[in-house]
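One structure below.
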Amino acid sequence: MRSADFGQLLAQLKDLSLRQRERVLAYLSVSDQREKVIGILEKAAEASLACPQCRSLHFHRHGRADGLQRFRCIDCGRTFNSLSGTPLARLRLKSKWLEYSRCLLHATTVRRAAIGVAIHKNTSFRWRHRFLTLPKTDRPEKLTGILEADEMYCLESEKGARHLDRPPRKRGEAATKRGLSFEQVCILVARDRTGQTIDYVTGKGPVNKRQLKRCLPPVMDDDVLLVSDANAAYRYFARDQGISHEIVNASASERVRGAIHIQNVNAYHSRYKGWVSRFHGVASHYLPNYLGWHWAVDR
């Protein structure tokens, strides 16, 4: 805007009514939040910015759209911005993203977050799982030293599904079979003594050696000491991997034997169960998102 036009605009502000001034302030506040979010996003993406189509690093600026700087790839001709190819692409209302992120940090429910940020509950649900796409992949690369491993189980939930593979049940209803069964989903948690934690949704039913081989070796140091309960799957896994293994036999009322215990991983189980209970049931399909969310909040 030219200086003369801006001076005329300032001169007209004194003629605004109180309600009109409030509307101007609200508009400027939204614009300020939007620009702040865009600045954060573009700065974060700057170091790894590349064409999402061909991964080329040869591109040039190509105007702006929806507040974001656009680029055109020299190699393939595609235009893109800092959000292209990410879970946040094509999401609107950027001015409310920071406020919604604070709701995630406080583990606010879908409806309460929707009310607090003034968005629809369906938008709140969609944003939640778009925003959680990255935290669920943010995990330690290696677990070292004494490695505690144990599993927890939750009843399989198809909450929100339109077509069920089983008869529906009421919220809070118990499984039809006693003990561990394929009605329950297994969550394997591995944690070392420095607090580094990795979790996996291994599938339905009790954990087995094959699942342990798929999950643990990529994140274990070769010289770890695996500590677990008396589940035979851990014993067979440790033998096949050639690693040291100690057992805590809870059925014999054993909890701690010097430095040999699984208290840290069990405490993590307890914190997760208390934290996730506020959501009144989580669909099994979204369990990895909630586990990643809890890991981000817990640390």
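Naming scheme: A, B, ... for chains in displayed order of the structure tokens; residues 1 onward per chain; ligands 1 onward as shown.
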
TODO: Find the spatial neighbours of Asp192 (chain A), counting only C-alpha atoms, within a cut-off of 10 Å - ignore same-chain residues fewer than 5 positions away - and output them as a PyMOL selection string.
DONE: chain A and resi 142-149+197-198+220+224-227+262+264-265

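For the pair CA of Glu158 (chain A) and CA of Ser284 (chain A), the interatomic distance is 6.4 Å.
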
TODO: Please indicate the distance in Å from CA of Ala238 (chain A) to CA of Ser253 (chain A), rounded to one decimal place.
DONE: 23.2 Å

Open item on the list: Would you pick out the contacts of region 98-105 of chain A at 9 Å or less, using only C-alpha atoms, so that residues sharing its chain but fewer than 5 positions from it are not included, and give the list as a PyMOL selection string?
Closed with: chain A and resi 33+36-37+112-114+116-117+124+127-128+131-132+293+296-297

Open item on the list: So that I can check the surroundings of Arg70 (chain A), please list as a ChimeraX atom specification every protein, DNA and RNA residue that reaches within 12 Å of it, counting only C-alpha atoms and ignoring chain neighbours fewer than 6 positions away.
Closed with: /A:42,49-51,59-64,78-84

What are the closest atom pairs, with distances in Å to one decimal, for all residues of region 48-134 of chain A lying within 10 Å of region 267-282 of chain A? Consider only C-alpha atoms, order rows by chain and residue number, and present the result as a Markdown table.
| residue | atom | partner | partner_atom | distance |
| --- | --- | --- | --- | --- |
| A:Ala107 | CA | A:Trp275 | CA | 8.2 |
| A:Thr108 | CA | A:Arg278 | CA | 8.6 |
| A:Thr109 | CA | A:Phe279 | CA | 6.2 |
| A:Val110 | CA | A:Phe279 | CA | 8.4 |

TODO: Would you work out the distance separating CA of Ile74 (chain A) from CA of Leu134 (chain A), expressed in Å to one decimal?
DONE: 28.8 Å

Task: alpha helix (DSSP H) call set, DSSP backbone run, region 113-170 of chain A, as a VMD selection string - done: chain A and resid 113 to 117 121 to 131

Task: strand (DSSP E) per DSSP on the backbone: members of region 143-246 of chain A, as a ChimeraX atom specification - done: /A:146-155,184-192,197-204,225-228,244-246

Selected residues written out with C-alpha atoms, as a compact mmCIF listing (two decimals), in the first residue's frame:
# COMPACT_ATOMS: atom_id res chain seq x y z
CA ILE A 146 19.57 -52.62 30.84
CA LEU A 147 16.51 -52.98 28.63
CA GLU A 148 13.17 -53.61 30.29
CA ALA A 149 10.43 -55.09 28.11
CA ASP A 150 6.85 -55.91 28.96
CA GLU A 151 3.49 -55.79 27.25
CA MET A 152 0.09 -54.37 28.13
CA TYR A 153 -3.24 -55.27 26.58
CA CYS A 154 -6.36 -53.35 25.70
CA LEU A 155 -9.67 -54.61 24.40
CA GLN A 184 -7.30 -57.96 22.95
CA VAL A 185 -4.59 -55.89 21.27
CA CYS A 186 -1.01 -56.23 22.53
CA ILE A 187 1.16 -53.13 23.08
CA LEU A 188 4.83 -53.97 23.57
CA VAL A 189 6.87 -51.39 25.49
CA ALA A 190 10.68 -51.44 25.72
CA ARG A 191 12.46 -48.93 27.97
CA ASP A 192 16.07 -48.56 29.06
CA THR A 197 11.16 -45.70 25.31
CA ILE A 198 9.86 -47.47 22.22
CA ASP A 199 6.42 -49.02 21.85
CA TYR A 200 4.78 -51.21 19.23
CA VAL A 201 1.28 -52.41 18.53
CA THR A 202 2.16 -56.04 17.80
CA GLY A 203 -1.36 -57.23 16.96
CA LYS A 204 -4.10 -59.27 18.55
CA LEU A 225 20.74 -56.95 29.15
CA LEU A 226 17.09 -57.80 28.51
CA VAL A 227 14.89 -57.93 31.61
CA SER A 228 11.36 -59.28 31.30
CA SER A 244 21.80 -61.70 28.08
CA HIS A 245 18.40 -62.18 29.67
CA GLU A 246 17.10 -61.96 33.23
